[in-house]
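Asks: Dumping the structure here so I can ask a few things about it.
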Amino acid sequence: MTPSPLPLPLREPNGTAGASPALALLTGLLDRLHAEEIRYCHWKSSEHLDASLRGITDLDVLVQRRDARRLARLLTEVDFKPFRKLSGHDYPGIEDYLGFDAATGTLSHLHVHYQLTLGEKFLKGYRLPWEDVVLSSRIWDAARGLYIVDPHLETLLLVMRIALKLRARDFLLAAVGYRYVRGGAARELRWLAQRVDQDRLRREACVLVGERASALLCEIVAAPAPSIRQLIAFRRSVHPPLGTHRMFGMLGALRHRWTREAAWVSAALTNRLRGLRQRSTRSSPQGGLAVYVTGAQPAATTVARRLVAWLAPEMAVVPDLGAHSSVTARRARGLGMIVVADRPAGGPEGGGPDLILRVGDAAASARRFAWLGTPTVDLDGRAAPDTLLLQAKRALWESL
């Protein structure tokens with residue numbers, strides 16, 4: 001397969017009629033990528049691309065490695081900020097960024113991939129050297145104003161992702177009637193199956209995985225519900241063998257997977273104790289932030305709780321509300337988490353907050369921190385609840 005690269009056209013300002021509206025944050029980012037000719041494409045989960053462009057789900061882009069430094073500068077200029085897992089166990093060749101859409105108060109989670117890192121949950125132990133093929137065959141989506149992966153390659157990548165995620169426990173569950181390919185993965189596969197030509201899929205996949213695996217790929221795509229047996233046969237038939245693409249030896253793979261899974265379980269239990277459903281362990285490389293929301297009640301506490309709910313899906317956050325320990329909150333801030341409090345987080349010996357959000361006339365509530373020179377933002381207590389929350393979000397984001 002020797003596809004030729006496509007030119008970089010300017011994005012149509014409003015896209016095609018009927019297209020779902022994207023966040024201004026993301027359309028601005030895409031315009032800059034095109035203007036600076038940074039080679040990229042959205043490479044997976046195109047089935048819910050509209051949701052990604054609205055900030056509902058993550059946006060995954062593959063970027064040419066030699067553009068990495070220019071991209072890092074560009075992302076800073078359009079107000080995306082880098083984040084990393086609190087445990088430090090990030091995946092090779094992948095960077096996490098969060099952006100804030102000031103008009104809507106929506107956080108957008110951007111995954112930047114410089115290599116195709118795939119594999120089982122908590123490990124992603126394979127790197128497939130197909131980046132140049134994906135980027136050179138990308139397709140311009142005029143309705144949304146960005147480059148996307150060719151659906152035939154996306155289909156191959158999706159089946160490969162599903163097959164490489166298989167673990168021993170999946171075989172045990174299958175024996176008692178558990179369907180392995182279900183939910184989002186099954187929906188994506190059905191969606192792609194309607195958009196690919198079987199003959200072309202087989203021809204293009206053959207170049208990357210060999211004749212036998214490409215034939216099995218077509219059978220999997222045509223099946224109403226692919227079985228584990230089909231996926232295992234596909235994995236074993238890939239040529240060159242998938243073992244040549246492994247990044248870890250057996251012991252290294254076990255150590256990395258168990259360490260990451262233990263960190264995930266620990267975060268889940270900790271968040272449950274804090275009353276949070278989300279399990280994000282993403283933190284800022286610049287360190288944590290302690291935010292004190294003060295002022296008219298119950299508005300101040302309501303703003304604090306809504307800020308926690310807003311942050312929790314994307315960042316490691318600790319709600320220091322009511323009876324929670326200020327000592328725990330100070331430790332969390334030191335570890336890089338975001339602490340949101342509706343009461344003072346400690347006196348001078350505790351360092352005080354990094355930001356005070358003051359609802360209405362509450363100068364007395366914040367006076368104890370005046371000597372620290374703590375940045376204080378006054379929020380309009382007479383504003384509608386959503387407007388008040390948006391003011392708080394903007395102030396917090398600027399302080400990160």
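Every chain in the structure tokens has a letter given in the order shown (A, B, ...), and although residue numbers restart at 1 in each chain, ligands are simply numbered from 1 in the order shown.
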Using DSSP secondary structure from the backbone, list all strand (DSSP E or B) positions within stretch 77-131 of chain A, as a PyMOL selection string.

Replies: chain A and resi 80-85+94-101+106-113+116-118+126-128

Asks: Would you write out those residues with N, CA and C atoms, as a PDB file, in the first residue's frame?

Replies:
ATOM      1  N   PHE A  80      -3.732  24.640  25.905  1.00  0.00           N
ATOM      2  CA  PHE A  80      -3.776  23.262  26.380  1.00  0.00           C
ATOM      3  C   PHE A  80      -2.628  23.070  27.359  1.00  0.00           C
ATOM      4  N   LYS A  81      -2.884  22.314  28.422  1.00  0.00           N
ATOM      5  CA  LYS A  81      -1.868  22.121  29.451  1.00  0.00           C
ATOM      6  C   LYS A  81      -1.554  20.635  29.603  1.00  0.00           C
ATOM      7  N   PRO A  82      -0.258  20.303  29.757  1.00  0.00           N
ATOM      8  CA  PRO A  82       0.109  18.883  29.885  1.00  0.00           C
ATOM      9  C   PRO A  82      -0.253  18.335  31.260  1.00  0.00           C
ATOM     10  N   PHE A  83      -0.671  17.088  31.294  1.00  0.00           N
ATOM     11  CA  PHE A  83      -0.952  16.389  32.545  1.00  0.00           C
ATOM     12  C   PHE A  83      -0.318  15.004  32.469  1.00  0.00           C
ATOM     13  N   ARG A  84      -0.127  14.419  33.629  1.00  0.00           N
ATOM     14  CA  ARG A  84       0.454  13.076  33.678  1.00  0.00           C
ATOM     15  C   ARG A  84      -0.209  12.301  34.803  1.00  0.00           C
ATOM     16  N   LYS A  85      -0.087  10.990  34.757  1.00  0.00           N
ATOM     17  CA  LYS A  85      -0.674  10.166  35.799  1.00  0.00           C
ATOM     18  C   LYS A  85       0.077  10.370  37.116  1.00  0.00           C
ATOM     19  N   ILE A  94       2.831   8.446  24.237  1.00  0.00           N
ATOM     20  CA  ILE A  94       1.521   9.093  24.379  1.00  0.00           C
ATOM     21  C   ILE A  94       1.633  10.214  25.402  1.00  0.00           C
ATOM     22  N   GLU A  95       1.085  11.381  25.057  1.00  0.00           N
ATOM     23  CA  GLU A  95       1.046  12.509  25.984  1.00  0.00           C
ATOM     24  C   GLU A  95      -0.398  12.917  26.232  1.00  0.00           C
ATOM     25  N   ASP A  96      -0.674  13.341  27.465  1.00  0.00           N
ATOM     26  CA  ASP A  96      -2.005  13.807  27.863  1.00  0.00           C
ATOM     27  C   ASP A  96      -2.030  15.320  27.971  1.00  0.00           C
ATOM     28  N   TYR A  97      -3.031  15.946  27.369  1.00  0.00           N
ATOM     29  CA  TYR A  97      -3.243  17.388  27.506  1.00  0.00           C
ATOM     30  C   TYR A  97      -4.711  17.640  27.833  1.00  0.00           C
ATOM     31  N   LEU A  98      -4.948  18.672  28.626  1.00  0.00           N
ATOM     32  CA  LEU A  98      -6.299  19.141  28.877  1.00  0.00           C
ATOM     33  C   LEU A  98      -6.410  20.574  28.399  1.00  0.00           C
ATOM     34  N   GLY A  99      -7.520  20.877  27.761  1.00  0.00           N
ATOM     35  CA  GLY A  99      -7.812  22.236  27.328  1.00  0.00           C
ATOM     36  C   GLY A  99      -9.123  22.696  27.933  1.00  0.00           C
ATOM     37  N   PHE A 100      -9.289  23.997  28.047  1.00  0.00           N
ATOM     38  CA  PHE A 100     -10.483  24.583  28.649  1.00  0.00           C
ATOM     39  C   PHE A 100     -11.151  25.506  27.650  1.00  0.00           C
ATOM     40  N   ASP A 101     -12.401  25.207  27.338  1.00  0.00           N
ATOM     41  CA  ASP A 101     -13.182  26.048  26.440  1.00  0.00           C
ATOM     42  C   ASP A 101     -13.849  27.141  27.269  1.00  0.00           C
ATOM     43  N   THR A 106     -16.180  23.845  29.284  1.00  0.00           N
ATOM     44  CA  THR A 106     -15.945  22.419  29.040  1.00  0.00           C
ATOM     45  C   THR A 106     -14.460  22.110  29.003  1.00  0.00           C
ATOM     46  N   LEU A 107     -14.063  21.013  29.665  1.00  0.00           N
ATOM     47  CA  LEU A 107     -12.696  20.512  29.573  1.00  0.00           C
ATOM     48  C   LEU A 107     -12.603  19.533  28.403  1.00  0.00           C
ATOM     49  N   SER A 108     -11.559  19.668  27.596  1.00  0.00           N
ATOM     50  CA  SER A 108     -11.326  18.760  26.479  1.00  0.00           C
ATOM     51  C   SER A 108     -10.046  17.984  26.745  1.00  0.00           C
ATOM     52  N   HIS A 109     -10.142  16.663  26.672  1.00  0.00           N
ATOM     53  CA  HIS A 109      -9.002  15.788  26.941  1.00  0.00           C
ATOM     54  C   HIS A 109      -8.395  15.331  25.616  1.00  0.00           C
ATOM     55  N   LEU A 110      -7.155  15.719  25.394  1.00  0.00           N
ATOM     56  CA  LEU A 110      -6.461  15.418  24.150  1.00  0.00           C
ATOM     57  C   LEU A 110      -5.353  14.406  24.399  1.00  0.00           C
ATOM     58  N   HIS A 111      -5.423  13.270  23.699  1.00  0.00           N
ATOM     59  CA  HIS A 111      -4.330  12.290  23.694  1.00  0.00           C
ATOM     60  C   HIS A 111      -3.492  12.541  22.445  1.00  0.00           C
ATOM     61  N   VAL A 112      -2.220  12.836  22.622  1.00  0.00           N
ATOM     62  CA  VAL A 112      -1.303  12.990  21.495  1.00  0.00           C
ATOM     63  C   VAL A 112      -0.463  11.720  21.398  1.00  0.00           C
ATOM     64  N   HIS A 113      -0.576  11.021  20.273  1.00  0.00           N
ATOM     65  CA  HIS A 113       0.158   9.775  20.055  1.00  0.00           C
ATOM     66  C   HIS A 113       1.269  10.043  19.041  1.00  0.00           C
ATOM     67  N   LEU A 116       2.042   4.212  17.612  1.00  0.00           N
ATOM     68  CA  LEU A 116       0.847   3.404  17.809  1.00  0.00           C
ATOM     69  C   LEU A 116       1.122   2.401  18.931  1.00  0.00           C
ATOM     70  N   THR A 117       0.800   2.813  20.149  1.00  0.00           N
ATOM     71  CA  THR A 117       1.016   2.003  21.339  1.00  0.00           C
ATOM     72  C   THR A 117      -0.299   1.320  21.696  1.00  0.00           C
ATOM     73  N   LEU A 118      -0.334  -0.005  21.612  1.00  0.00           N
ATOM     74  CA  LEU A 118      -1.559  -0.771  21.819  1.00  0.00           C
ATOM     75  C   LEU A 118      -1.308  -1.889  22.816  1.00  0.00           C
ATOM     76  N   TYR A 126       2.562  -3.202  23.139  1.00  0.00           N
ATOM     77  CA  TYR A 126       2.959  -3.368  21.743  1.00  0.00           C
ATOM     78  C   TYR A 126       3.067  -2.006  21.070  1.00  0.00           C
ATOM     79  N   ARG A 127       4.058  -1.886  20.198  1.00  0.00           N
ATOM     80  CA  ARG A 127       4.163  -0.705  19.344  1.00  0.00           C
ATOM     81  C   ARG A 127       4.161  -1.179  17.895  1.00  0.00           C
ATOM     82  N   LEU A 128       3.113  -0.818  17.157  1.00  0.00           N
ATOM     83  CA  LEU A 128       3.026  -1.201  15.753  1.00  0.00           C
ATOM     84  C   LEU A 128       3.644  -0.102  14.893  1.00  0.00           C
TER      85      LEU A 128
END

Asks: Using DSSP on the backbone coordinates, identify all residues within stretch 280-357 of chain A classified as helix (DSSP H, G or I); present the result as a ChimeraX atom specification.

Replies: /A:299-311,326-334,348-350

Asks: For A:Glu314, which residue out of A:Pro353, A:Leu400, A:Arg282, A:Val293 is the nearest one, using only C-alpha atoms?

Replies: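 Looking only at the distances to A:Glu314, the closest residue turns out to be A:Arg282.
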
Asks: Would you mind reading off the distance between atom CA of A:Asp342 and atom CA of A:Asp320, one decimal, in Å?

Replies: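 Separation of atom CA of A:Asp342 and atom CA of A:Asp320: 7.0 Å.
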
Asks: Skipping near chain neighbours, those fewer than 6 positions away, what residues fall within 10 Å of A:Phe248 using only C-alpha atoms, listed as a PyMOL selection string?

Replies: chain A and resi 123-126+254-256

Asks: For stretch 47-63 of chain A, please output as a PyMOL selection string all residues within 9 Å (counting only C-alpha atoms; exclusion window: fewer than 5 positions along the same chain).

Replies: chain A and resi 19-23+26-27+38-42+68+71+101+106-116+131+134-135+144+148+187-188+191-192

Asks: Choose the residue, out of A:Ala268, A:Ala205, A:Ala24, A:Leu172, that has the smallest atom-to-atom separation from A:Glu154; count only C-alpha atoms.

Replies: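 Among the listed residues, A:Ala205 lies closest to A:Glu154.
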
Asks: Can you tell me how far atom CA of A:Ala175 sits from atom CA of A:Gly249, in Å to one decimal?

Replies: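 The value is 28.4 Å.
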
Asks: Do a neighbour search on A:Val377 at 10 Å with only C-alpha atoms, toss out local chain neighbours closer than 3 positions, and write the hits as a list of chain:residue names.

Replies: A:Val293, A:Leu355, A:Ile356, A:Leu357, A:Arg358, A:Val359, A:Thr374, A:Asp380, A:Gln391, A:Ala392, A:Ala395, A:Leu396

Asks: Could those selected residues go to a file with C-alpha atoms, as a PDB file, in the first residue's frame?

Replies:
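Result file result_10.pdb:
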ATOM      1  CA  VAL A 293     -14.245  28.954  47.927  1.00  0.00           C
ATOM      2  CA  LEU A 355      -6.401  30.717  45.074  1.00  0.00           C
ATOM      3  CA  ILE A 356      -9.405  32.232  46.838  1.00  0.00           C
ATOM      4  CA  LEU A 357     -12.730  32.350  45.027  1.00  0.00           C
ATOM      5  CA  ARG A 358     -14.965  34.810  46.844  1.00  0.00           C
ATOM      6  CA  VAL A 359     -18.709  34.674  46.260  1.00  0.00           C
ATOM      7  CA  THR A 374      -3.059  34.947  47.850  1.00  0.00           C
ATOM      8  CA  ASP A 380     -20.782  37.696  41.170  1.00  0.00           C
ATOM      9  CA  GLN A 391     -16.675  32.359  36.488  1.00  0.00           C
ATOM     10  CA  ALA A 392     -15.177  29.966  39.040  1.00  0.00           C
ATOM     11  CA  ALA A 395     -10.443  31.543  37.520  1.00  0.00           C
ATOM     12  CA  LEU A 396      -9.351  28.034  38.561  1.00  0.00           C
TER      13      LEU A 396
END

Asks: What is the atom CA of A:Thr281 to atom CA of A:Arg394 distance in Å?

Replies: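 So the two atoms, atom CA of A:Thr281 and atom CA of A:Arg394, lie 21.7 Å apart.
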